[in-house]
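Participant: Contents are compact mmCIF, C-alpha atoms and all ligand atoms; file name final10.txt:
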# COMPACT_ATOMS: atom_id res chain seq x y z
CA LYS J 1 55.34 -158.96 -64.57
CA GLU J 2 55.92 -157.30 -61.29
CA PHE J 3 52.80 -156.75 -59.23
CA ARG J 4 54.76 -155.78 -56.11
CA ASN J 5 55.35 -152.12 -55.40
CA ASN J 6 57.47 -150.43 -52.78
CA VAL J 7 54.62 -149.49 -50.46
CA LYS J 8 54.95 -151.23 -47.09
CA PRO J 9 51.55 -152.47 -45.83
CA ASN J 10 50.59 -151.09 -42.46
CA TRP J 11 48.60 -154.16 -41.43
CA CYS J 12 49.36 -155.67 -38.03
CA PRO J 13 52.05 -158.38 -38.12
CA GLY J 14 50.27 -161.70 -38.69
CA CYS J 15 47.14 -160.20 -40.30
CA GLY J 16 45.63 -162.59 -42.84
CA ASP J 17 45.45 -159.86 -45.46
CA PHE J 18 49.17 -160.20 -46.26
CA SER J 19 48.55 -163.61 -47.83
CA VAL J 20 45.60 -162.33 -49.83
CA GLN J 21 47.79 -159.58 -51.24
CA ALA J 22 50.46 -162.14 -52.20
CA ALA J 23 47.86 -164.45 -53.74
CA ILE J 24 46.42 -161.68 -55.92
CA GLN J 25 49.91 -160.71 -57.09
CA ARG J 26 50.82 -164.30 -57.91
CA ALA J 27 47.51 -165.06 -59.61
CA ALA J 28 47.74 -161.96 -61.79
CA ALA J 29 51.23 -162.97 -62.91
CA ASN J 30 50.23 -166.61 -63.42
CA VAL J 31 47.35 -165.74 -65.76
CA GLY J 32 49.75 -163.65 -67.84
CA LEU J 33 48.54 -160.15 -67.01
CA GLU J 34 50.72 -157.08 -67.19
CA PRO J 35 50.27 -154.49 -64.39
CA GLU J 36 48.60 -152.07 -66.78
CA GLU J 37 45.98 -154.71 -67.62
CA LEU J 38 44.72 -155.04 -64.03
CA ALA J 39 42.59 -152.72 -61.88
CA VAL J 40 42.14 -153.38 -58.16
CA ILE J 41 39.25 -151.47 -56.61
CA SER J 42 38.79 -151.61 -52.86
CA GLY J 43 36.40 -150.37 -50.21
CA ILE J 44 37.06 -149.13 -46.68
CA GLY J 45 38.51 -151.15 -43.84
CA CYS J 46 41.95 -152.58 -43.08
CA SER J 47 41.59 -154.81 -46.15
CA GLY J 48 40.60 -151.81 -48.28
CA ARG J 49 44.20 -150.67 -48.23
CA ILE J 50 45.11 -153.55 -50.52
CA SER J 51 44.62 -151.55 -53.72
CA GLY J 52 47.58 -149.39 -52.71
CA TYR J 53 49.85 -152.38 -52.20
CA ILE J 54 49.56 -153.89 -55.67
CA ASN J 55 51.35 -152.55 -58.71
CA ALA J 56 48.34 -152.09 -60.98
CA TYR J 57 45.63 -149.51 -61.54
CA GLY J 58 43.97 -149.03 -58.20
CA LEU J 59 41.27 -147.09 -56.44
CA HIS J 60 40.66 -147.04 -52.69
CA GLY J 61 37.00 -146.10 -52.81
CA ILE J 62 34.34 -145.46 -50.22
CA HIS J 63 32.77 -147.78 -47.69
CA GLY J 64 30.78 -150.59 -49.28
CA ARG J 65 31.09 -149.18 -52.77
CA SER J 66 33.98 -151.09 -54.31
CA LEU J 67 31.57 -153.05 -56.50
CA PRO J 68 29.74 -150.14 -58.18
CA ILE J 69 33.11 -148.60 -58.99
CA ALA J 70 34.60 -151.89 -60.19
CA GLN J 71 31.58 -152.55 -62.42
CA GLY J 72 31.87 -149.06 -63.87
CA VAL J 73 35.55 -149.63 -64.64
CA LYS J 74 34.77 -152.93 -66.37
CA MET J 75 31.95 -151.42 -68.40
CA ALA J 76 34.13 -148.50 -69.48
CA ASN J 77 37.17 -150.58 -70.37
CA LYS J 78 36.58 -154.12 -71.54
CA ASP J 79 40.33 -154.73 -71.82
CA LEU J 80 40.97 -154.44 -68.09
CA THR J 81 40.82 -157.35 -65.68
CA VAL J 82 38.99 -155.99 -62.66
CA ILE J 83 39.35 -157.20 -59.10
CA ALA J 84 37.18 -155.71 -56.35
CA SER J 85 38.17 -156.29 -52.75
CA GLY J 86 37.27 -155.38 -49.20
CA GLY J 87 36.26 -156.79 -45.85
CA ASP J 88 33.16 -158.58 -44.59
CA GLY J 89 31.81 -155.38 -43.06
CA ASP J 90 32.37 -153.55 -46.32
CA GLY J 91 30.80 -156.16 -48.58
CA PHE J 92 28.22 -157.86 -46.38
CA ALA J 93 26.87 -154.93 -44.31
CA ILE J 94 26.87 -151.50 -45.94
CA GLY J 95 27.70 -152.94 -49.36
CA LEU J 96 25.45 -156.01 -49.31
CA GLY J 97 22.95 -154.61 -51.79
CA HIS J 98 25.72 -154.07 -54.32
CA THR J 99 27.10 -157.55 -53.66
CA ILE J 100 23.80 -159.31 -54.34
CA HIS J 101 23.08 -157.33 -57.49
CA ALA J 102 26.61 -157.80 -58.87
CA ILE J 103 26.21 -161.54 -58.28
CA ARG J 104 22.90 -161.79 -60.11
CA ARG J 105 24.13 -159.44 -62.86
CA ASN J 106 27.05 -161.83 -63.51
CA ILE J 107 29.33 -159.02 -64.54
CA ASP J 108 32.92 -160.01 -65.27
CA VAL J 109 34.54 -158.87 -62.02
CA THR J 110 36.41 -160.95 -59.43
CA TYR J 111 35.35 -159.98 -55.91
CA ILE J 112 37.69 -161.01 -53.09
CA VAL J 113 36.38 -160.53 -49.57
CA MET J 114 38.80 -160.65 -46.64
CA ASP J 115 36.44 -162.09 -44.04
CA ASN J 116 37.68 -161.74 -40.45
CA GLN J 117 34.28 -161.67 -38.75
CA ILE J 118 34.95 -158.30 -37.12
CA TYR J 119 35.47 -154.63 -37.92
CA GLY J 120 39.25 -154.24 -37.54
CA LEU J 121 39.89 -150.68 -38.68
CA THR J 122 37.43 -149.25 -36.15
CA LYS J 123 39.04 -151.36 -33.42
CA GLY J 124 36.84 -154.38 -33.00
CA GLN J 125 33.06 -154.36 -33.38
CA THR J 126 30.71 -157.19 -34.34
CA SER J 127 30.26 -157.64 -38.10
CA PRO J 128 27.51 -159.39 -40.11
CA ARG J 129 29.80 -162.43 -40.17
CA SER J 130 30.29 -162.64 -36.39
CA ASP J 131 28.78 -165.68 -34.71
CA VAL J 132 26.04 -165.57 -32.08
CA GLY J 133 27.60 -165.01 -28.68
CA PHE J 134 30.65 -163.18 -30.08
CA LYS J 135 31.75 -160.56 -27.54
CA THR J 136 33.12 -157.25 -28.76
CA LYS J 137 32.97 -153.62 -27.70
CA SER J 138 29.65 -153.31 -29.54
CA THR J 139 28.26 -156.55 -28.10
CA PRO J 140 29.75 -156.85 -24.58
CA LYS J 141 27.27 -159.57 -23.64
CA GLY J 142 27.68 -161.44 -26.90
CA SER J 143 26.08 -160.96 -30.31
CA ILE J 144 22.42 -161.95 -30.45
CA GLU J 145 22.23 -161.80 -34.26
CA SER J 146 22.84 -164.73 -36.59
CA ALA J 147 25.89 -164.57 -38.83
CA LEU J 148 25.14 -164.07 -42.51
CA SER J 149 25.64 -167.26 -44.56
CA VAL J 150 27.34 -165.60 -47.49
CA MET J 151 28.14 -168.58 -49.65
CA GLU J 152 24.56 -169.85 -49.43
CA MET J 153 23.35 -166.33 -50.17
CA ALA J 154 25.57 -166.18 -53.27
CA LEU J 155 24.14 -169.47 -54.52
CA THR J 156 20.56 -168.34 -54.10
CA ALA J 157 21.35 -164.98 -55.75
CA GLY J 158 22.40 -166.84 -58.89
CA GLY J 159 26.16 -166.84 -58.39
CA THR J 160 28.10 -168.48 -61.21
CA PHE J 161 31.43 -168.71 -59.37
CA VAL J 162 31.26 -169.14 -55.62
CA ALA J 163 34.42 -170.03 -53.74
CA GLN J 164 35.94 -169.82 -50.31
CA SER J 165 39.49 -170.04 -49.01
CA PHE J 166 41.72 -169.58 -45.99
CA SER J 167 44.51 -167.02 -46.13
CA THR J 168 47.23 -169.47 -45.07
CA ASP J 169 46.40 -171.79 -47.98
CA LEU J 170 48.35 -169.59 -50.34
CA LYS J 171 48.61 -172.14 -53.13
CA ASP J 172 44.88 -172.96 -53.11
CA LEU J 173 43.90 -169.31 -52.77
CA THR J 174 46.13 -168.31 -55.69
CA ALA J 175 44.61 -171.05 -57.85
CA LEU J 176 41.08 -169.93 -56.93
CA ILE J 177 41.85 -166.31 -57.82
CA GLU J 178 43.29 -167.45 -61.15
CA ALA J 179 40.13 -169.44 -61.81
CA GLY J 180 38.01 -166.46 -60.77
CA ILE J 181 39.86 -164.16 -63.16
CA ASN J 182 39.45 -166.67 -65.99
CA HIS J 183 35.74 -167.18 -65.22
CA LYS J 184 33.48 -165.34 -67.66
CA GLY J 185 31.16 -163.68 -65.20
CA PHE J 186 31.12 -162.60 -61.58
CA SER J 187 33.31 -164.54 -59.20
CA LEU J 188 32.95 -164.26 -55.44
CA ILE J 189 35.87 -165.54 -53.38
CA ASN J 190 35.37 -165.25 -49.63
CA VAL J 191 38.68 -165.60 -47.80
CA PHE J 192 38.89 -166.34 -44.08
CA SER J 193 41.57 -163.79 -43.20
CA PRO J 194 42.10 -163.69 -39.42
CA CYS J 195 42.29 -160.39 -37.55
CA VAL J 196 44.98 -161.23 -35.01
CA THR J 197 44.48 -158.02 -33.06
CA TYR J 198 40.74 -157.94 -32.34
CA ASN J 199 39.29 -161.37 -33.08
CA LYS J 200 40.56 -163.79 -30.44
CA VAL J 201 37.95 -166.42 -31.27
CA ASN J 202 38.26 -167.05 -35.02
CA THR J 203 42.02 -167.51 -34.95
CA TYR J 204 44.33 -169.39 -37.31
CA ASP J 205 44.12 -172.43 -35.00
CA TRP J 206 40.32 -172.18 -34.87
CA PHE J 207 40.09 -172.25 -38.67
CA LYS J 208 42.56 -175.13 -38.93
CA GLU J 209 40.35 -177.14 -36.58
CA ASN J 210 37.05 -176.23 -38.17
CA LEU J 211 37.54 -175.91 -41.93
CA THR J 212 36.99 -178.76 -44.37
CA LYS J 213 38.60 -178.72 -47.80
CA LEU J 214 36.16 -179.64 -50.55
CA SER J 215 39.00 -181.53 -52.23
CA ASP J 216 38.86 -183.94 -49.25
CA ILE J 217 35.18 -184.72 -49.87
CA GLU J 218 35.08 -187.67 -52.23
CA GLY J 219 33.21 -187.04 -55.45
CA TYR J 220 32.35 -183.42 -54.67
CA ASP J 221 30.96 -181.85 -57.84
CA PRO J 222 31.26 -178.03 -57.98
CA HIS J 223 28.89 -177.90 -60.96
CA ASN J 224 25.89 -179.12 -58.98
CA ARG J 225 24.18 -176.28 -57.13
CA MET J 226 22.07 -178.57 -54.94
CA THR J 227 25.17 -180.46 -53.81
CA ALA J 228 26.90 -177.17 -53.12
CA MET J 229 24.04 -175.92 -50.95
CA LYS J 230 23.71 -179.22 -49.08
CA THR J 231 27.46 -179.38 -48.40
CA LEU J 232 27.53 -175.81 -47.14
CA MET J 233 24.65 -176.49 -44.77
CA GLU J 234 26.19 -179.70 -43.50
CA HIS J 235 29.47 -177.93 -42.73
CA LYS J 236 27.91 -174.67 -41.47
CA GLY J 237 29.61 -172.83 -44.31
CA LEU J 238 33.09 -173.77 -43.10
CA VAL J 239 34.42 -175.26 -46.32
CA THR J 240 37.19 -174.12 -48.64
CA GLY J 241 37.64 -174.59 -52.36
CA LEU J 242 35.51 -174.04 -55.43
CA ILE J 243 31.98 -174.45 -54.10
CA TYR J 244 30.07 -173.87 -57.32
CA GLN J 245 30.73 -172.83 -60.89
CA ASN J 246 28.34 -172.41 -63.79
CA THR J 247 30.14 -171.92 -67.08
CA GLU J 248 26.96 -172.04 -69.17
CA GLN J 249 25.43 -168.74 -68.13
CA LYS J 250 26.41 -165.75 -70.22
CA SER J 251 28.09 -162.83 -68.52
CA TYR J 252 26.56 -159.35 -68.39
CA GLN J 253 29.14 -158.21 -70.94
CA GLU J 254 28.14 -160.90 -73.41
CA LEU J 255 24.53 -159.78 -73.16
CA VAL J 256 25.07 -156.03 -73.45
CA HIS J 257 24.58 -155.05 -77.07
CA GLY J 258 27.79 -153.80 -78.65
CA TYR J 259 29.96 -154.21 -75.54
CA SER J 260 32.56 -156.41 -77.22
CA GLU J 261 33.11 -153.94 -80.07
CA THR J 262 33.38 -150.74 -78.11
CA SER J 263 35.32 -149.51 -75.15
CA LEU J 264 34.40 -146.15 -73.72
CA ALA J 265 37.92 -145.73 -72.37
CA HIS J 266 39.35 -145.88 -75.89
CA ALA J 267 36.55 -144.15 -77.76
CA ASP J 268 37.07 -140.81 -79.46
CA LEU J 269 34.85 -138.58 -77.38
CA SER J 270 35.85 -135.35 -79.05
CA LEU J 271 32.88 -133.55 -80.54
CA SER J 272 33.11 -131.29 -83.56
CA GLU J 273 30.80 -128.27 -83.76
CA ASP J 274 28.83 -129.96 -86.54
CA LYS J 275 28.37 -133.11 -84.53
CA PHE J 276 27.39 -131.11 -81.46
CA ASN J 277 24.81 -129.11 -83.39
CA LYS J 278 23.40 -132.30 -84.90
CA LEU J 279 23.16 -133.86 -81.46
CA VAL J 280 21.40 -130.83 -80.04
CA SER J 281 19.00 -130.69 -82.97
CA GLU J 282 17.95 -134.29 -82.28
CA PHE J 283 16.71 -133.21 -78.88
CA MET J 284 14.89 -130.10 -80.05
FE1 LIG G 1 44.52 -156.99 -39.79
FE2 LIG G 1 42.98 -156.82 -37.62
FE3 LIG G 1 45.27 -155.48 -37.71
FE4 LIG G 1 43.23 -154.74 -39.22
S1 LIG G 1 43.30 -154.70 -36.98
S2 LIG G 1 45.36 -154.92 -39.87
S3 LIG G 1 42.28 -156.72 -39.76
S4 LIG G 1 45.02 -157.72 -37.72
Starting from the coordinates I provided, produce the structure as structure tokens.
Facilitator:
Amino acid sequence: KEFRNNVKPNWCPGCGDFSVQAAIQRAAANVGLEPEELAVISGIGCSGRISGYINAYGLHGIHGRSLPIAQGVKMANKDLTVIASGGDGDGFAIGLGHTIHAIRRNIDVTYIVMDNQIYGLTKGQTSPRSDVGFKTKSTPKGSIESALSVMEMALTAGGTFVAQSFSTDLKDLTALIEAGINHKGFSLINVFSPCVTYNKVNTYDWFKENLTKLSDIEGYDPHNRMTAMKTLMEHKGLVTGLIYQNTEQKSYQELVHGYSETSLAHADLSLSEDKFNKLVSEFM
């Protein structure tokens, strides 16, 4: 089970995305997948390159649209494990509509966001995850907009698997991705993945000082949505671990009539002349 390929990532040395790539590769192997059983669909941004660095089916899509493509792949081929990935600009700005609707749809896709609170590929502009006061080329006097609280948003949108991690916590991140893959429904894993080149505020040291592991909070229950919301608000969203999971709610696939029996990818779509004529006659 070799999920590594021979493509050398062209991320900056020290970029948090390296660990996310390693965690996905390890998690896929740990859950027993073969490369041909996994599809990684990514959007645009530095992190969007990840689909090319994993030995699996992959598609480097268009900006903010990894989720529509990933959902289409899952609907067409029930046998594939589908991971969607991208950055915070990709998923929480241009792609936010897709993110919210995929969450509430509870479709069986694992969505991994590499959240560095900045646009890296376009050389450092404020993103929807940047804090108030954050100075970049696009906000030279500091951002005046509030950062989007994505974990809280996912809870209110009906998320059934809401988790957050830090790219240096490779073991924890790998375990969360494994759990996300095994979850029957949509899993959102937001990963703090520092941009060492353009974000000089939210650095590795900054996260180490400011993040709280949920495993360090005594009695934390990830199956209680109220507790999850309260904890997020108390810690200003800066927590890592499994924030909330609902295993009771059925996935989109379980609710779509006939999904479990059919797979478009394997269906015989050839059409004989008789069948074609019959089909046409039904519309006449
Ligand atoms: Fe990573 Fe930032 Fe470099 Fe992009 S610009 S590869 S996000 S460190």
Participant: Would you name the residues within 6 Å of ligand LIG 1 (chain G), counting only C-alpha atoms and all ligand atoms, and put them as a PyMOL selection string?
Facilitator: chain J and resi 11-12+15+46+120-121+195-198
Participant: Could you tell me which of J:Ser66, J:Ser149, J:Asn246, J:Asn30 comes closest to Glu178 in chain J if we count all atoms listed in the file?
Facilitator: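 Answer, going by the shortest atom-to-atom distance: J:Asn30.
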Participant: For the point (50.1, -150.8, -54.4) in the file's frame, write as a ChimeraX atom specification all residues with an atom no more than 12 Å away, counting only C-alpha atoms.
Facilitator: /J:2-10,21-22,24-25,35,38-42,48-60
Participant: What lies within 9 Å of Thr136 in chain J using all atoms listed in the file, ignoring chain neighbours under 5 positions off, as a ChimeraX atom specification?
Facilitator: /J:118,124-126,141-143,198-199
Participant: Between J:Gln71, J:Gln249, J:Ser146, J:Thr81, which residue has the minimum interatomic distance to Glu37 in chain J, considering only C-alpha atoms?
Facilitator: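 For Glu37 in chain J, the nearest of the candidates is J:Thr81.
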Participant: Rounded to one decimal, what separation in Å do you get between CA of Leu232 in chain J and CA of Thr110 in chain J?
Facilitator: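 Answer for the CA of Leu232 in chain J to CA of Thr110 in chain J separation: 21.2 Å.
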Participant: When you draw a straight line from CA of Pro222 in chain J to CA of Thr160 in chain J, how long is it in Å?
Facilitator: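 If I compute the distance from CA of Pro222 in chain J to CA of Thr160 in chain J, I get 10.6 Å.
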Participant: Return the single residue from J:Trp206, J:Phe283, J:Phe186, J:Phe166 that is closest to Asp17 in chain J, with distances computed using only C-alpha atoms.
Facilitator: J:Phe166
Participant: With distances taken over all atoms listed in the file, which residue among J:Ala154, J:Lys78, J:Ala102, J:His63 lies nearest Gly258 in chain J?
Facilitator: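 Closest to Gly258 in chain J, using all atoms listed in the file: J:Lys78.
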Participant: Could you tell me how far CA of Asn182 in chain J sits from CA of Lys250 in chain J, in Å to one decimal place?
Facilitator: 13.7 Å
Participant: Dig up all the protein and nucleic acid residues within 9 Å of (24.7, -175.0, -54.3) in the file frame, using all atoms listed in the file, and format them as number ranges by chain.
Facilitator: J: 151-152, 154-156, 162, 222-232, 243-244
Participant: Find, counting all atoms listed in the file, the residue in J:Arg105, J:His266, J:Lys171, J:Lys137 that gets nearest to Arg26 in chain J.
Facilitator: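 Selected residue with least distance to Arg26 in chain J: J:Lys171.
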Participant: Pull range 236-275 of chain J out of the block and emit N, CA and C atoms, as an mmCIF file, in the first residue's frame.
Facilitator:
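Heads up, here's the output in part-v2.cif:
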data_model
loop_
_atom_site.group_PDB
_atom_site.id
_atom_site.type_symbol
_atom_site.label_atom_id
_atom_site.label_comp_id
_atom_site.auth_asym_id
_atom_site.auth_seq_id
_atom_site.Cartn_x
_atom_site.Cartn_y
_atom_site.Cartn_z
ATOM 1 N N LYS J 236 -12.128 30.447 21.591
ATOM 2 C CA LYS J 236 -12.057 31.216 20.334
ATOM 3 C C LYS J 236 -11.713 30.330 19.142
ATOM 4 N N GLY J 237 -12.215 29.122 19.162
ATOM 5 C CA GLY J 237 -12.021 28.198 18.040
ATOM 6 C C GLY J 237 -10.660 27.528 18.006
ATOM 7 N N LEU J 238 -9.792 27.860 18.958
ATOM 8 C CA LEU J 238 -8.405 27.357 18.889
ATOM 9 C C LEU J 238 -8.252 26.048 19.665
ATOM 10 N N VAL J 239 -8.987 25.052 19.232
ATOM 11 C CA VAL J 239 -8.892 23.730 19.863
ATOM 12 C C VAL J 239 -8.551 22.700 18.784
ATOM 13 N N THR J 240 -7.952 21.605 19.216
ATOM 14 C CA THR J 240 -7.670 20.528 18.256
ATOM 15 C C THR J 240 -8.213 19.207 18.795
ATOM 16 N N GLY J 241 -8.605 18.358 17.865
ATOM 17 C CA GLY J 241 -9.166 17.053 18.221
ATOM 18 C C GLY J 241 -10.528 16.882 17.573
ATOM 19 N N LEU J 242 -11.193 15.813 17.949
ATOM 20 C CA LEU J 242 -12.549 15.576 17.442
ATOM 21 C C LEU J 242 -13.504 16.450 18.239
ATOM 22 N N ILE J 243 -14.050 17.450 17.582
ATOM 23 C CA ILE J 243 -14.924 18.419 18.259
ATOM 24 C C ILE J 243 -16.326 17.850 18.409
ATOM 25 N N TYR J 244 -16.828 17.243 17.361
ATOM 26 C CA TYR J 244 -18.200 16.714 17.408
ATOM 27 C C TYR J 244 -18.369 15.593 16.399
ATOM 28 N N GLN J 245 -19.065 14.547 16.830
ATOM 29 C CA GLN J 245 -19.431 13.485 15.890
ATOM 30 C C GLN J 245 -20.831 12.982 16.209
ATOM 31 N N ASN J 246 -21.615 12.833 15.162
ATOM 32 C CA ASN J 246 -22.957 12.266 15.276
ATOM 33 C C ASN J 246 -22.994 11.021 14.393
ATOM 34 N N THR J 247 -23.072 9.874 15.025
ATOM 35 C CA THR J 247 -23.064 8.626 14.250
ATOM 36 C C THR J 247 -24.481 8.122 13.972
ATOM 37 N N GLU J 248 -25.464 8.859 14.482
ATOM 38 C CA GLU J 248 -26.860 8.416 14.325
ATOM 39 C C GLU J 248 -27.448 8.830 12.977
ATOM 40 N N GLN J 249 -27.027 9.999 12.520
ATOM 41 C CA GLN J 249 -27.644 10.542 11.305
ATOM 42 C C GLN J 249 -27.204 9.760 10.060
ATOM 43 N N LYS J 250 -28.166 9.435 9.222
ATOM 44 C CA LYS J 250 -27.838 8.693 8.007
ATOM 45 C C LYS J 250 -27.098 9.583 7.013
ATOM 46 N N SER J 251 -26.241 8.964 6.242
ATOM 47 C CA SER J 251 -25.518 9.723 5.219
ATOM 48 C C SER J 251 -26.431 9.923 4.007
ATOM 49 N N TYR J 252 -26.021 10.832 3.148
ATOM 50 C CA TYR J 252 -26.760 11.092 1.900
ATOM 51 C C TYR J 252 -26.901 9.796 1.104
ATOM 52 N N GLN J 253 -25.802 9.029 1.052
ATOM 53 C CA GLN J 253 -25.820 7.790 0.271
ATOM 54 C C GLN J 253 -26.873 6.820 0.787
ATOM 55 N N GLU J 254 -26.978 6.735 2.112
ATOM 56 C CA GLU J 254 -27.944 5.794 2.688
ATOM 57 C C GLU J 254 -29.380 6.200 2.369
ATOM 58 N N LEU J 255 -29.577 7.489 2.110
ATOM 59 C CA LEU J 255 -30.930 7.977 1.861
ATOM 60 C C LEU J 255 -31.297 8.020 0.374
ATOM 61 N N VAL J 256 -30.297 7.971 -0.488
ATOM 62 C CA VAL J 256 -30.589 7.998 -1.925
ATOM 63 C C VAL J 256 -31.068 6.623 -2.369
ATOM 64 N N HIS J 257 -32.247 6.570 -2.913
ATOM 65 C CA HIS J 257 -32.845 5.296 -3.312
ATOM 66 C C HIS J 257 -31.948 4.571 -4.323
ATOM 67 N N GLY J 258 -31.602 3.349 -4.013
ATOM 68 C CA GLY J 258 -30.866 2.513 -4.963
ATOM 69 C C GLY J 258 -29.370 2.742 -5.015
ATOM 70 N N TYR J 259 -28.856 3.701 -4.227
ATOM 71 C CA TYR J 259 -27.424 4.024 -4.326
ATOM 72 C C TYR J 259 -26.549 2.811 -3.997
ATOM 73 N N SER J 260 -26.920 2.066 -2.990
ATOM 74 C CA SER J 260 -26.045 0.972 -2.539
ATOM 75 C C SER J 260 -25.990 -0.173 -3.540
ATOM 76 N N GLU J 261 -26.998 -0.269 -4.409
ATOM 77 C CA GLU J 261 -26.993 -1.385 -5.373
ATOM 78 C C GLU J 261 -26.289 -1.018 -6.676
ATOM 79 N N THR J 262 -26.285 0.240 -6.990
ATOM 80 C CA THR J 262 -25.761 0.609 -8.311
ATOM 81 C C THR J 262 -24.509 1.467 -8.192
ATOM 82 N N SER J 263 -23.740 1.470 -9.232
ATOM 83 C CA SER J 263 -22.585 2.345 -9.293
ATOM 84 C C SER J 263 -22.435 2.747 -10.753
ATOM 85 N N LEU J 264 -22.663 4.018 -10.999
ATOM 86 C CA LEU J 264 -22.643 4.504 -12.379
ATOM 87 C C LEU J 264 -21.328 4.144 -13.070
ATOM 88 N N ALA J 265 -20.241 4.205 -12.285
ATOM 89 C CA ALA J 265 -18.920 3.952 -12.865
ATOM 90 C C ALA J 265 -18.799 2.532 -13.404
ATOM 91 N N HIS J 266 -19.564 1.606 -12.817
ATOM 92 C CA HIS J 266 -19.466 0.209 -13.254
ATOM 93 C C HIS J 266 -20.670 -0.240 -14.077
ATOM 94 N N ALA J 267 -21.605 0.652 -14.291
ATOM 95 C CA ALA J 267 -22.825 0.263 -15.009
ATOM 96 C C ALA J 267 -22.553 0.100 -16.502
ATOM 97 N N ASP J 268 -23.326 -0.786 -17.110
ATOM 98 C CA ASP J 268 -23.219 -0.964 -18.561
ATOM 99 C C ASP J 268 -24.047 0.140 -19.222
ATOM 100 N N LEU J 269 -23.365 1.094 -19.785
ATOM 101 C CA LEU J 269 -24.077 2.243 -20.356
ATOM 102 C C LEU J 269 -24.250 2.108 -21.882
ATOM 103 N N SER J 270 -23.863 0.948 -22.389
ATOM 104 C CA SER J 270 -24.041 0.776 -23.833
ATOM 105 C C SER J 270 -25.536 0.673 -24.139
ATOM 106 N N LEU J 271 -25.936 1.159 -25.270
ATOM 107 C CA LEU J 271 -27.349 1.245 -25.597
ATOM 108 C C LEU J 271 -27.583 0.577 -26.955
ATOM 109 N N SER J 272 -28.376 -0.485 -26.950
ATOM 110 C CA SER J 272 -28.677 -1.123 -28.229
ATOM 111 C C SER J 272 -29.681 -0.237 -28.992
ATOM 112 N N GLU J 273 -29.832 -0.513 -30.279
ATOM 113 C CA GLU J 273 -30.754 0.289 -31.083
ATOM 114 C C GLU J 273 -32.182 0.145 -30.552
ATOM 115 N N ASP J 274 -32.525 -1.088 -30.163
ATOM 116 C CA ASP J 274 -33.866 -1.341 -29.623
ATOM 117 C C ASP J 274 -34.126 -0.519 -28.365
ATOM 118 N N LYS J 275 -33.118 -0.576 -27.482
ATOM 119 C CA LYS J 275 -33.258 0.161 -26.217
ATOM 120 C C LYS J 275 -33.355 1.653 -26.483
#
